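As provided, start32.txt (compact mmCIF, C-alpha atoms) reads as follows.
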```txt
# COMPACT_ATOMS: atom_id res chain seq x y z
CA MET A 1 3.19 -21.04 -14.72
CA LYS A 2 4.26 -20.75 -11.11
CA ILE A 3 3.94 -17.57 -9.04
CA THR A 4 5.88 -17.23 -5.79
CA ASP A 5 4.81 -14.74 -3.15
CA LEU A 6 7.63 -12.53 -1.85
CA THR A 7 5.34 -10.32 0.27
CA HIS A 8 4.71 -10.05 4.00
CA THR A 9 1.04 -10.01 5.04
CA ILE A 10 -0.13 -6.52 6.04
CA THR A 11 -1.43 -6.56 9.62
CA ASP A 12 -1.54 -4.08 12.50
CA ASP A 13 1.58 -5.57 14.11
CA ILE A 14 4.10 -5.65 11.26
CA SER A 15 7.62 -4.29 11.69
CA VAL A 16 7.84 -0.57 10.88
CA PHE A 17 10.37 2.23 11.30
CA SER A 18 10.08 3.82 14.73
CA ALA A 19 9.05 7.14 13.12
CA THR A 20 6.07 5.50 11.39
CA GLU A 21 2.78 4.24 12.77
CA HIS A 22 1.58 0.73 12.05
CA PRO A 23 -0.93 0.11 9.27
CA LYS A 24 -4.51 -0.01 10.49
CA ILE A 25 -6.91 -2.31 8.70
CA THR A 26 -10.48 -1.88 9.92
CA VAL A 27 -13.83 -3.32 8.89
CA ALA A 28 -15.80 -0.57 7.10
CA ALA A 29 -18.81 -2.57 5.90
CA GLU A 30 -20.21 -6.02 6.66
CA LYS A 31 -22.40 -8.37 4.66
CA GLU A 32 -24.87 -8.84 7.52
CA THR A 33 -25.67 -5.12 7.77
CA ASP A 34 -24.48 -3.56 4.49
CA GLY A 35 -24.79 -6.42 1.98
CA TYR A 36 -21.06 -6.49 1.26
CA SER A 37 -17.74 -6.57 3.08
CA GLN A 38 -15.29 -3.70 2.81
CA LYS A 39 -12.20 -2.71 4.75
CA HIS A 40 -10.55 0.63 5.35
CA ILE A 41 -6.81 0.64 4.86
CA SER A 42 -4.58 3.17 6.62
CA ILE A 43 -1.00 2.65 5.53
CA TYR A 44 2.19 4.57 4.80
CA SER A 45 3.84 4.45 1.39
CA HIS A 46 6.88 2.66 2.87
CA ASN A 47 5.07 0.20 5.17
CA GLY A 48 5.35 -3.53 4.64
CA THR A 49 6.78 -4.97 1.45
CA HIS A 50 7.12 -1.85 -0.69
CA MET A 51 9.03 -0.08 -3.42
CA ASP A 52 10.96 3.20 -3.26
CA ALA A 53 10.87 5.59 -6.20
CA PRO A 54 13.85 7.96 -6.65
CA PHE A 55 11.70 10.83 -5.28
CA HIS A 56 11.69 9.09 -1.85
CA ILE A 57 15.23 10.38 -1.25
CA LEU A 58 16.32 12.52 -4.22
CA LYS A 59 15.10 16.11 -4.46
CA ASN A 60 14.59 15.93 -8.22
CA GLY A 61 14.00 12.18 -8.40
CA LEU A 62 11.17 10.66 -10.41
CA THR A 63 7.95 9.67 -8.70
CA ALA A 64 6.61 6.18 -9.37
CA ASP A 65 3.74 7.52 -11.47
CA ASP A 66 6.26 9.28 -13.73
CA MET A 67 8.12 6.06 -14.52
CA PRO A 68 7.27 3.58 -17.29
CA LEU A 69 5.66 0.36 -16.05
CA GLU A 70 8.59 -1.59 -17.46
CA ALA A 71 10.66 -0.11 -14.60
CA PHE A 72 8.77 -2.37 -12.18
CA PHE A 73 8.78 -5.69 -14.03
CA GLY A 74 11.63 -7.76 -15.46
CA LYS A 75 14.05 -10.64 -15.21
CA GLY A 76 15.17 -11.32 -11.67
CA CYS A 77 18.06 -13.09 -9.99
CA VAL A 78 18.64 -13.94 -6.34
CA VAL A 79 22.07 -13.80 -4.76
CA ASP A 80 22.30 -15.81 -1.58
CA PHE A 81 24.20 -14.26 1.32
CA SER A 82 22.15 -16.06 3.96
CA GLU A 83 25.09 -18.20 5.12
CA GLY A 84 27.65 -16.38 7.23
CA THR A 85 26.20 -12.97 6.41
CA GLU A 86 28.29 -10.11 7.73
CA LYS A 87 26.74 -6.76 8.63
CA GLU A 88 28.03 -5.38 5.35
CA ILE A 89 27.90 -7.08 1.94
CA SER A 90 31.27 -6.33 0.37
CA LEU A 91 32.18 -5.28 -3.14
CA GLU A 92 34.03 -8.59 -3.46
CA ALA A 93 30.94 -10.60 -2.51
CA ILE A 94 28.80 -8.76 -5.05
CA LYS A 95 31.50 -8.99 -7.75
CA SER A 96 31.42 -12.79 -7.41
CA LYS A 97 27.84 -12.68 -8.73
CA GLU A 98 28.62 -10.51 -11.75
CA LYS A 99 27.37 -13.02 -14.31
CA GLU A 100 23.91 -13.38 -12.73
CA ILE A 101 23.59 -9.62 -12.20
CA ARG A 102 24.56 -8.83 -15.80
CA ALA A 103 21.75 -11.05 -17.12
CA SER A 104 19.09 -9.52 -14.87
CA ASP A 105 16.84 -6.49 -14.51
CA PHE A 106 16.35 -6.97 -10.77
CA LEU A 107 18.87 -8.12 -8.19
CA LEU A 108 17.26 -9.64 -5.09
CA ILE A 109 19.59 -9.99 -2.11
CA HIS A 110 18.73 -12.92 0.13
CA THR A 111 20.12 -12.55 3.65
CA GLY A 112 17.44 -14.46 5.58
CA TRP A 113 16.77 -11.40 7.74
CA ASP A 114 13.05 -11.75 6.99
CA LYS A 115 12.93 -14.53 9.62
CA LYS A 116 13.13 -11.76 12.24
CA TRP A 117 10.02 -9.99 10.83
CA LYS A 118 7.70 -8.75 13.60
CA THR A 119 10.41 -9.18 16.27
CA ASP A 120 12.33 -6.33 17.94
CA ASP A 121 15.49 -7.55 16.21
CA TYR A 122 14.15 -6.92 12.69
CA THR A 123 14.81 -3.18 12.49
CA VAL A 124 18.41 -3.13 13.76
CA GLY A 125 21.67 -4.64 12.60
CA PHE A 126 20.51 -6.10 9.31
CA PRO A 127 23.10 -6.60 6.54
CA VAL A 128 23.46 -3.81 3.96
CA LEU A 129 25.52 -3.31 0.83
CA SER A 130 28.81 -1.49 1.29
CA VAL A 131 29.00 1.86 -0.50
CA GLU A 132 31.52 0.34 -2.91
CA ALA A 133 29.18 -2.59 -3.64
CA ALA A 134 26.27 -0.21 -4.23
CA ASN A 135 28.33 1.96 -6.56
CA TYR A 136 29.49 -1.15 -8.45
CA LEU A 137 25.83 -2.09 -9.10
CA THR A 138 25.30 1.16 -10.97
CA ASN A 139 27.56 -0.17 -13.75
CA PHE A 140 24.89 -2.62 -14.91
CA ASN A 141 21.52 -2.03 -16.54
CA LEU A 142 19.60 -2.98 -13.42
CA LYS A 143 16.05 -1.70 -12.99
CA GLY A 144 16.15 -2.28 -9.26
CA VAL A 145 17.52 -3.95 -6.15
CA GLY A 146 15.41 -5.79 -3.58
CA VAL A 147 16.26 -6.78 -0.02
CA ASP A 148 14.66 -8.89 2.70
CA ALA A 149 15.30 -6.24 5.36
CA ILE A 150 13.59 -2.93 6.15
CA SER A 151 16.15 -0.74 4.37
CA VAL A 152 19.12 -0.82 2.03
CA ASP A 153 20.93 1.51 4.46
CA THR A 154 21.65 0.93 8.13
CA ILE A 155 18.84 2.01 10.46
CA ASP A 156 20.88 4.91 11.90
CA SER A 157 22.17 6.15 8.54
CA SER A 158 21.69 9.86 8.05
CA GLU A 159 23.51 9.99 4.72
CA MET A 160 21.45 7.17 3.12
CA THR A 161 24.39 6.50 0.84
CA VAL A 162 23.12 3.22 -0.64
CA HIS A 163 19.71 4.77 -1.35
CA HIS A 164 21.46 7.71 -3.01
CA ALA A 165 23.74 5.50 -5.11
CA LEU A 166 21.03 3.18 -6.41
CA LEU A 167 18.09 5.60 -6.73
CA GLY A 168 20.51 8.16 -8.19
CA ALA A 169 21.29 5.68 -10.95
CA GLY A 170 17.59 5.55 -11.85
CA MET A 171 16.81 2.27 -10.12
CA ILE A 172 13.94 1.48 -7.82
CA LEU A 173 14.41 -0.25 -4.47
CA VAL A 174 12.24 -2.96 -2.94
CA GLU A 175 12.34 -3.47 0.82
CA ASN A 176 10.84 -5.94 3.30
CA LEU A 177 10.80 -8.82 0.82
CA THR A 178 10.36 -12.34 2.16
CA ASN A 179 10.53 -15.94 0.96
CA LEU A 180 13.53 -15.35 -1.34
CA SER A 181 14.80 -18.82 -0.40
CA ALA A 182 11.91 -20.29 -2.40
CA LEU A 183 13.27 -18.88 -5.67
CA PRO A 184 15.67 -20.38 -8.17
CA GLN A 185 18.86 -18.34 -8.71
CA SER A 186 17.43 -16.99 -11.97
CA GLY A 187 14.85 -17.80 -14.64
CA PHE A 188 11.94 -15.80 -13.24
CA TYR A 189 10.27 -12.45 -13.73
CA PHE A 190 10.04 -10.13 -10.74
CA SER A 191 6.99 -7.86 -10.38
CA SER A 192 7.00 -4.85 -8.07
CA LEU A 193 4.16 -2.81 -9.61
CA PRO A 194 3.22 0.11 -7.34
CA LEU A 195 -0.27 1.42 -6.69
CA LYS A 196 -0.94 4.35 -9.03
CA ILE A 197 -0.78 7.08 -6.41
CA LYS A 198 -0.25 10.62 -7.66
CA GLU A 199 3.33 11.81 -7.01
CA ALA A 200 4.17 8.51 -5.33
CA ASP A 201 7.49 8.43 -3.46
CA GLY A 202 6.85 4.72 -3.01
CA SER A 203 4.05 2.21 -2.54
CA PRO A 204 3.14 -0.97 -0.73
CA ILE A 205 3.26 -3.70 -3.37
CA ARG A 206 2.44 -7.35 -3.97
CA ALA A 207 5.93 -8.53 -4.82
CA VAL A 208 5.95 -11.80 -6.74
CA ALA A 209 8.19 -13.92 -8.92
CA ILE A 210 6.69 -15.53 -12.02
CA GLU A 211 8.20 -18.60 -13.64
CA TRP A 212 6.99 -19.81 -17.03
CA MET B 1 7.97 -6.56 -23.63
CA LYS B 2 5.20 -4.00 -23.49
CA ILE B 3 3.17 -3.21 -20.37
CA THR B 4 -0.09 -1.30 -20.66
CA ASP B 5 -1.57 0.51 -17.69
CA LEU B 6 -5.25 -0.24 -17.06
CA THR B 7 -5.41 1.69 -13.78
CA HIS B 8 -6.92 5.03 -12.78
CA THR B 9 -4.63 7.32 -10.76
CA ILE B 10 -5.58 7.43 -7.08
CA THR B 11 -6.37 10.99 -6.03
CA ASP B 12 -8.70 12.63 -3.50
CA ASP B 13 -11.34 13.32 -6.16
CA ILE B 14 -11.83 9.95 -7.84
CA SER B 15 -15.28 8.47 -8.42
CA VAL B 16 -16.48 6.42 -5.44
CA PHE B 17 -19.73 4.82 -4.28
CA SER B 18 -21.85 7.32 -2.36
CA ALA B 19 -21.51 5.20 0.81
CA THR B 20 -17.73 5.42 0.71
CA GLU B 21 -15.39 8.32 1.47
CA HIS B 22 -12.74 9.39 -1.01
CA PRO B 23 -9.17 8.20 -0.61
CA LYS B 24 -6.97 10.67 1.25
CA ILE B 25 -3.31 10.85 0.27
CA THR B 26 -1.35 13.12 2.59
CA VAL B 27 2.31 14.03 2.93
CA ALA B 28 3.68 12.32 6.06
CA ALA B 29 7.38 13.14 5.73
CA GLU B 30 9.40 15.52 3.58
CA LYS B 31 13.00 15.49 2.45
CA GLU B 32 13.67 19.03 3.64
CA THR B 33 12.71 18.29 7.25
CA ASP B 34 12.85 14.49 7.57
CA GLY B 35 15.45 13.47 4.99
CA TYR B 36 12.96 11.42 2.97
CA SER B 37 9.51 11.71 1.44
CA GLN B 38 6.66 9.54 2.61
CA LYS B 39 2.90 9.65 2.14
CA HIS B 40 0.05 8.37 4.23
CA ILE B 41 -2.60 6.50 2.29
CA SER B 42 -6.18 6.27 3.53
CA ILE B 43 -8.20 4.13 1.15
CA TYR B 44 -11.03 1.61 1.08
CA SER B 45 -10.53 -1.90 -0.25
CA HIS B 46 -12.94 -1.18 -3.15
CA ASN B 47 -11.76 2.34 -4.07
CA GLY B 48 -10.26 3.07 -7.46
CA THR B 49 -9.19 0.28 -9.79
CA HIS B 50 -9.58 -2.75 -7.54
CA MET B 51 -10.36 -6.45 -7.33
CA ASP B 52 -13.21 -8.18 -5.48
CA ALA B 53 -12.56 -11.49 -3.74
CA PRO B 54 -15.54 -13.85 -3.29
CA PHE B 55 -15.69 -12.84 0.42
CA HIS B 56 -16.75 -9.31 -0.65
CA ILE B 57 -20.27 -10.61 -1.26
CA LEU B 58 -20.43 -14.30 -0.34
CA LYS B 59 -20.77 -15.29 3.31
CA ASN B 60 -18.41 -18.23 2.98
CA GLY B 61 -16.41 -16.88 0.05
CA LEU B 62 -12.63 -16.98 -0.06
CA THR B 63 -10.62 -13.91 0.93
CA ALA B 64 -7.90 -12.78 -1.46
CA ASP B 65 -5.14 -13.92 0.89
CA ASP B 66 -6.63 -17.42 0.86
CA MET B 67 -6.42 -17.69 -2.93
CA PRO B 68 -3.41 -18.88 -4.95
CA LEU B 69 -1.55 -16.08 -6.75
CA GLU B 70 -2.34 -17.75 -10.06
CA ALA B 71 -5.95 -16.62 -9.51
CA PHE B 72 -4.84 -13.03 -10.19
CA PHE B 73 -2.65 -13.47 -13.26
CA GLY B 74 -3.30 -15.07 -16.63
CA LYS B 75 -4.20 -14.80 -20.29
CA GLY B 76 -6.59 -11.96 -21.02
CA CYS B 77 -8.97 -11.02 -23.78
CA VAL B 78 -10.94 -7.84 -24.39
CA VAL B 79 -14.45 -7.85 -25.80
CA ASP B 80 -15.47 -4.53 -27.27
CA PHE B 81 -18.99 -3.33 -26.55
CA SER B 82 -18.05 0.36 -26.74
CA GLU B 83 -20.06 0.96 -29.91
CA GLY B 84 -23.80 1.15 -29.37
CA THR B 85 -23.61 -0.19 -25.85
CA GLU B 86 -26.97 -0.84 -24.29
CA LYS B 87 -27.55 -0.66 -20.56
CA GLU B 88 -27.40 -4.44 -20.43
CA ILE B 89 -24.92 -6.71 -22.21
CA SER B 90 -27.00 -9.62 -23.44
CA LEU B 91 -26.37 -13.34 -23.46
CA GLU B 92 -26.34 -13.18 -27.25
CA ALA B 93 -23.67 -10.47 -27.30
CA ILE B 94 -21.43 -12.45 -24.95
CA LYS B 95 -22.06 -15.71 -26.82
CA SER B 96 -20.72 -14.09 -29.98
CA LYS B 97 -17.33 -13.86 -28.23
CA GLU B 98 -17.24 -17.51 -27.15
CA LYS B 99 -14.01 -18.34 -28.96
CA GLU B 100 -12.00 -15.52 -27.32
CA ILE B 101 -13.48 -16.27 -23.89
CA ARG B 102 -12.71 -19.99 -24.14
CA ALA B 103 -9.02 -19.26 -24.78
CA SER B 104 -8.69 -16.84 -21.83
CA ASP B 105 -8.30 -16.72 -18.08
CA PHE B 106 -9.63 -13.16 -17.80
CA LEU B 107 -12.44 -11.52 -19.74
CA LEU B 108 -12.17 -7.74 -19.87
CA ILE B 109 -15.32 -5.96 -20.98
CA HIS B 110 -14.69 -2.69 -22.80
CA THR B 111 -17.67 -0.35 -22.76
CA GLY B 112 -15.84 3.02 -22.81
CA TRP B 113 -17.61 4.04 -19.59
CA ASP B 114 -14.20 4.96 -18.09
CA LYS B 115 -14.37 8.21 -20.09
CA LYS B 116 -16.92 9.41 -17.51
CA TRP B 117 -14.49 8.80 -14.60
CA LYS B 118 -14.58 11.64 -12.04
CA THR B 119 -17.85 13.03 -13.44
CA ASP B 120 -21.27 12.72 -11.79
CA ASP B 121 -22.36 10.45 -14.63
CA TYR B 122 -19.79 7.75 -13.84
CA THR B 123 -21.66 6.01 -11.02
CA VAL B 124 -25.09 5.68 -12.63
CA GLY B 125 -26.43 3.96 -15.72
CA PHE B 126 -23.31 2.09 -16.78
CA PRO B 127 -23.72 -1.10 -18.83
CA VAL B 128 -23.78 -4.40 -16.94
CA LEU B 129 -23.97 -8.05 -17.93
CA SER B 130 -27.45 -9.56 -17.97
CA VAL B 131 -27.98 -12.32 -15.43
CA GLU B 132 -28.11 -14.82 -18.29
CA ALA B 133 -24.82 -13.55 -19.71
CA ALA B 134 -23.19 -13.74 -16.27
CA ASN B 135 -24.45 -17.28 -15.74
CA TYR B 136 -23.19 -18.27 -19.19
CA LEU B 137 -19.68 -17.08 -18.22
CA THR B 138 -19.59 -19.61 -15.39
CA ASN B 139 -19.41 -22.40 -18.01
CA PHE B 140 -15.81 -21.50 -18.88
CA ASN B 141 -12.62 -21.80 -16.88
CA LEU B 142 -12.35 -18.05 -16.34
CA LYS B 143 -10.31 -16.78 -13.40
CA GLY B 144 -12.05 -13.43 -13.52
CA VAL B 145 -14.03 -10.72 -15.26
CA GLY B 146 -12.98 -7.07 -15.46
CA VAL B 147 -15.06 -4.00 -16.31
CA ASP B 148 -14.38 -0.32 -16.97
CA ALA B 149 -17.25 0.79 -14.70
CA ILE B 150 -17.60 0.98 -10.92
CA SER B 151 -19.53 -2.30 -10.56
CA VAL B 152 -20.62 -5.43 -12.42
CA ASP B 153 -24.14 -4.85 -11.05
CA THR B 154 -26.32 -1.77 -11.48
CA ILE B 155 -25.74 0.91 -8.85
CA ASP B 156 -29.15 0.36 -7.23
CA SER B 157 -28.94 -3.43 -7.22
CA SER B 158 -29.75 -4.97 -3.87
CA GLU B 159 -29.52 -8.56 -5.08
CA MET B 160 -26.06 -8.15 -6.64
CA THR B 161 -26.90 -11.02 -8.98
CA VAL B 162 -23.91 -10.65 -11.30
CA HIS B 163 -21.52 -10.47 -8.34
CA HIS B 164 -23.17 -13.60 -6.91
CA ALA B 165 -23.01 -15.49 -10.21
CA LEU B 166 -19.36 -14.76 -10.97
CA LEU B 167 -17.88 -14.74 -7.45
CA GLY B 168 -19.99 -17.80 -6.68
CA ALA B 169 -18.25 -19.60 -9.52
CA GLY B 170 -14.88 -18.91 -7.85
CA MET B 171 -13.88 -15.99 -10.04
CA ILE B 172 -12.52 -12.63 -9.01
CA LEU B 173 -13.91 -9.35 -10.32
CA VAL B 174 -11.97 -6.28 -11.36
CA GLU B 175 -13.76 -2.91 -11.40
CA ASN B 176 -12.88 0.65 -12.44
CA LEU B 177 -10.48 -0.47 -15.18
CA THR B 178 -9.47 2.07 -17.81
CA ASN B 179 -7.61 2.23 -21.12
CA LEU B 180 -8.99 -1.10 -22.40
CA SER B 181 -9.11 0.42 -25.90
CA ALA B 182 -5.29 0.34 -25.93
CA LEU B 183 -5.22 -3.47 -25.80
CA PRO B 184 -5.25 -6.02 -28.59
CA GLN B 185 -8.21 -8.40 -28.52
CA SER B 186 -5.99 -11.13 -27.03
CA GLY B 187 -2.35 -12.13 -26.74
CA PHE B 188 -1.57 -10.50 -23.40
CA TYR B 189 -1.32 -11.44 -19.75
CA PHE B 190 -3.55 -9.60 -17.29
CA SER B 191 -2.26 -8.90 -13.78
CA SER B 192 -4.59 -7.99 -10.92
CA LEU B 193 -2.41 -8.91 -7.94
CA PRO B 194 -3.96 -7.63 -4.68
CA LEU B 195 -2.11 -6.18 -1.73
CA LYS B 196 -1.52 -8.92 0.84
CA ILE B 197 -4.04 -7.70 3.40
CA LYS B 198 -5.19 -10.20 6.01
CA GLU B 199 -8.73 -11.43 5.30
CA ALA B 200 -8.97 -9.17 2.25
CA ASP B 201 -12.43 -8.84 0.72
CA GLY B 202 -10.73 -6.92 -2.08
CA SER B 203 -7.86 -4.56 -2.75
CA PRO B 204 -6.82 -1.56 -4.78
CA ILE B 205 -4.52 -2.92 -7.50
CA ARG B 206 -2.20 -1.83 -10.26
CA ALA B 207 -4.00 -3.52 -13.14
CA VAL B 208 -1.78 -4.03 -16.17
CA ALA B 209 -1.57 -6.02 -19.39
CA ILE B 210 1.78 -7.53 -20.36
CA GLU B 211 2.60 -8.44 -23.93
CA TRP B 212 5.73 -10.44 -24.71
```
Go through the file and emit its structure as C-alpha cells.
Amino acid sequence: MKITDLTHTITDDISVFSATEHPKITVAAEKETDGYSQKHISIYSHNGTHMDAPFHILKNGLTADDMPLEAFFGKGCVVDFSEGTEKEISLEAIKSKEKEIRASDFLLIHTGWDKKWKTDDYTVGFPVLSVEAANYLTNFNLKGVGVDAISVDTIDSSEMTVHHALLGAGMILVENLTNLSALPQSGFYFSSLPLKIKEADGSPIRAVAIEW
Amino acid sequence: MKITDLTHTITDDISVFSATEHPKITVAAEKETDGYSQKHISIYSHNGTHMDAPFHILKNGLTADDMPLEAFFGKGCVVDFSEGTEKEISLEAIKSKEKEIRASDFLLIHTGWDKKWKTDDYTVGFPVLSVEAANYLTNFNLKGVGVDAISVDTIDSSEMTVHHALLGAGMILVENLTNLSALPQSGFYFSSLPLKIKEADGSPIRAVAIEW
C-alpha cells in the first residue's frame, strides 16, 4: 500500500480568501507544565485543503453530515493541464479525457497552480473550468471534482457558476489540493473525508490518494 | 464498498476533559448576505474523536506531521469487551485475542462506553487496559490502538502509563470512537488520518472503517 499526501500543511501564513482570517494554531498545554501537549485550532471550514458540501453555495443543498461517507471516498483520476494551461479549461480539453473520467468517482484537475501557494499570486488568475466544461462533467457519475487552486470559480466570480453546476449535480468539491503531479493518471482511491461537524458547509480535510 | 462511521458529531456540548473548553462552531458567512456559507471552527487537538501522536505525551515523540501516512491507515480488528466489562482490561483478556491482534495494524477496543457520550458519566470510570495488557500489545506490529472512551488511561492518572507504553512503542492512539458494535471482528481498513497541522500532537479526525 502506498498513500500520497495531497494536502497543504496548516500554518498561520497559508493562502486564504481576502474575506477570511488565517488559521491560528496555538499551544494550549505543554508537557513541562501540564503533563501533555495540546494545541488550540482556530480555522474556517474552507481554509487550507478542504471540501465543499452542496450547502456551501446552494440554499437547499446537503450538508456534509447529511451525506453518506461513500460520497467522500472512491476511485480517482488525475487529468494533467499543467503544460500550457490557459486561464480557462475548455469543454474540448475536458472531453479529451472522457475515458478516464467515465471510469472514476473523483476527477482531480492538475494545473500546477499549487506551486504559488503562500505567494500573493496564488489567489488570482488561476485556471478554472469553463461553464460548458463544468456542465459536461455533470453527465458522468462523478462524486466530486478536486483542484489545486483556491476555488473552482474565478476569484471575482459573483455567480459562482462552476460551483453551482457541480454542487447542483450532487457532487462535492475539493480545493487547495497539492502534489497531484505525484499521482498516476488512475488506479488509486481518493479520500476527502470531512470532519463530522454538525450542519457542515465544508471542512478542512486530509486529502490523500491510496494505491493498493 | 461499505464505509462505517466511527466518529462522534462535533457540537458545542460534546464530552471534553474538564481542563479543556468545548469546541465552538459558529456561522462566519451566510448565503443570504455573503453568497456562500462558511463556519468558524474553534477546537482543541484532543477534542471529540481524535488521534494522539507520540509527541502528545513523550518529550521526544514524533508529531503527526512527521509520521508517514501509512501510520494512520491499515487493517483493523475489533475486540469486544462490552459484556461484563471490568474497570480494567486484563492481560489475560487481551491475550485471548492474540490471533486477531497479530493479523491487524489497528486494535479497536469495544467497551460500549460511547453510549455515555455527552453525559456526566462519560469522563469517569471508563475501562482501561492494565499496564501489563498495554505492555503486551507492544510485542506486535500494531500501528495503533483505538478506544470508545475519552482516554486510554484513567481520568485521574498522572503517570499516563498506558499512553507511555503504547506511544512509546511508536503507535498512535485513537480516543472517543463510537459505533464499534457496527463492525465485523476483522476484514476492514481503519482510517484515522489527522489534519495536516504543523507540529501536531494530535488532531480531530473522521474515523472510519472501510470494507471492500
Exercise for review: Identify the residues within 7 Å of coordinate (-11.8, -4.7, 0.0) (same frame as the file), considering only C-alpha atoms, and give the answer as a PyMOL selection string.
Suggested key: (chain A and resi 37-39) or (chain B and resi 44-46+52+56+200-203)
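Between atom CA of A:His163 and atom CA of A:His110 lies a distance of 17.8 Å.
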| request: With a distance cut-off of 12 Å and only C-alpha atoms, select the neighbouring residues of A:Glu70, excluding the residue or stretch itself and same-chain residues fewer than 3 positions from it, and output the selection as a PyMOL selection string. | output: (chain A and resi 64-67+73-75+105-106+142-144+171-172+189-194) or (chain B and resi 1-5+208-212)
From the list B:Val124, B:Leu183, B:Ala103, B:Met160, the nearest residue to chain A using all atoms listed in the file is B:Met160
*For chain A, the nearest of the candidates B:Glu199, B:Glu88, B:Glu100, B:Asp114, counting all atoms listed in the file*: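 Selected residue with least distance to chain A: B:Glu199.
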Min atom-atom distance to chain B from the set A:Gly168, A:Gly76, A:Gly112, A:Pro68, counting all atoms listed in the file, belongs to A:Pro68
Could the centre and edge lengths of an axis-aligned box, enclosing all atoms of stretch 38-50 of chain A in the file with 6 Å extra on each side, be given in Å to one decimal as JSON?
```
{"center_x": -4.1, "center_y": -0.2, "center_z": 3.0, "size_x": 34.4, "size_y": 21.5, "size_z": 19.3}
```
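Nearest residue to B:Ile43, choosing from B:Asp153, B:Ile57, B:Val16, B:Lys31 and counting only C-alpha atoms: B:Val16.
Counting all atoms listed in the file, the residue from B:Ser158, B:Leu173, B:Arg102, B:Asp121 that sits nearest to chain A is B:Ser158.
Minimum distance to B:Cys77 across B:Gly146, B:Gly35, B:Gly170, B:Pro54 (counting only C-alpha atoms) occurs at B:Gly146.
Neighbours of B:Thr161 closer than or equal to 10 Å, with all atoms listed in the file counted and sequence neighbours fewer than 6 positions away skipped, come out as Leu129, Ser130, Val131, Ala134, Asn135, Val152, Asp153, Thr154, Leu167 and Gly168 of chain B.
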Write out, as a short mmCIF file (atom, residue, chain, number, x, y, z; two decimals), in the coordinates of the input, the residues just selected, with C-alpha atoms.
```cif
data_model
loop_
_atom_site.label_atom_id
_atom_site.label_comp_id
_atom_site.auth_asym_id
_atom_site.auth_seq_id
_atom_site.Cartn_x
_atom_site.Cartn_y
_atom_site.Cartn_z
CA LEU B 129 -23.97 -8.05 -17.93
CA SER B 130 -27.45 -9.56 -17.97
CA VAL B 131 -27.98 -12.32 -15.43
CA ALA B 134 -23.19 -13.74 -16.27
CA ASN B 135 -24.45 -17.28 -15.74
CA VAL B 152 -20.62 -5.43 -12.42
CA ASP B 153 -24.14 -4.85 -11.05
CA THR B 154 -26.32 -1.77 -11.48
CA LEU B 167 -17.88 -14.74 -7.45
CA GLY B 168 -19.99 -17.80 -6.68
#
```
As a check of understanding: the span from atom CA of B:Ser15 to atom CA of A:Thr63 is 23.3 Å
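From atom CA of A:Thr49 back to atom CA of B:Asp13, the distance works out to 26.8 Å.
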- Query: Please, which residues are within 9 Å of (20.8, -19.3, -0.5) by the file's coordinates, counting all atoms listed in the file, and could they come as a list of chain:residue names?
  - Reply: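 Within the cut-off we find A:Val78, A:Val79, A:Asp80, A:Phe81, A:Ser82, A:Glu83, A:His110, A:Thr111, A:Gly112, A:Leu180, A:Ser181, A:Gln185.
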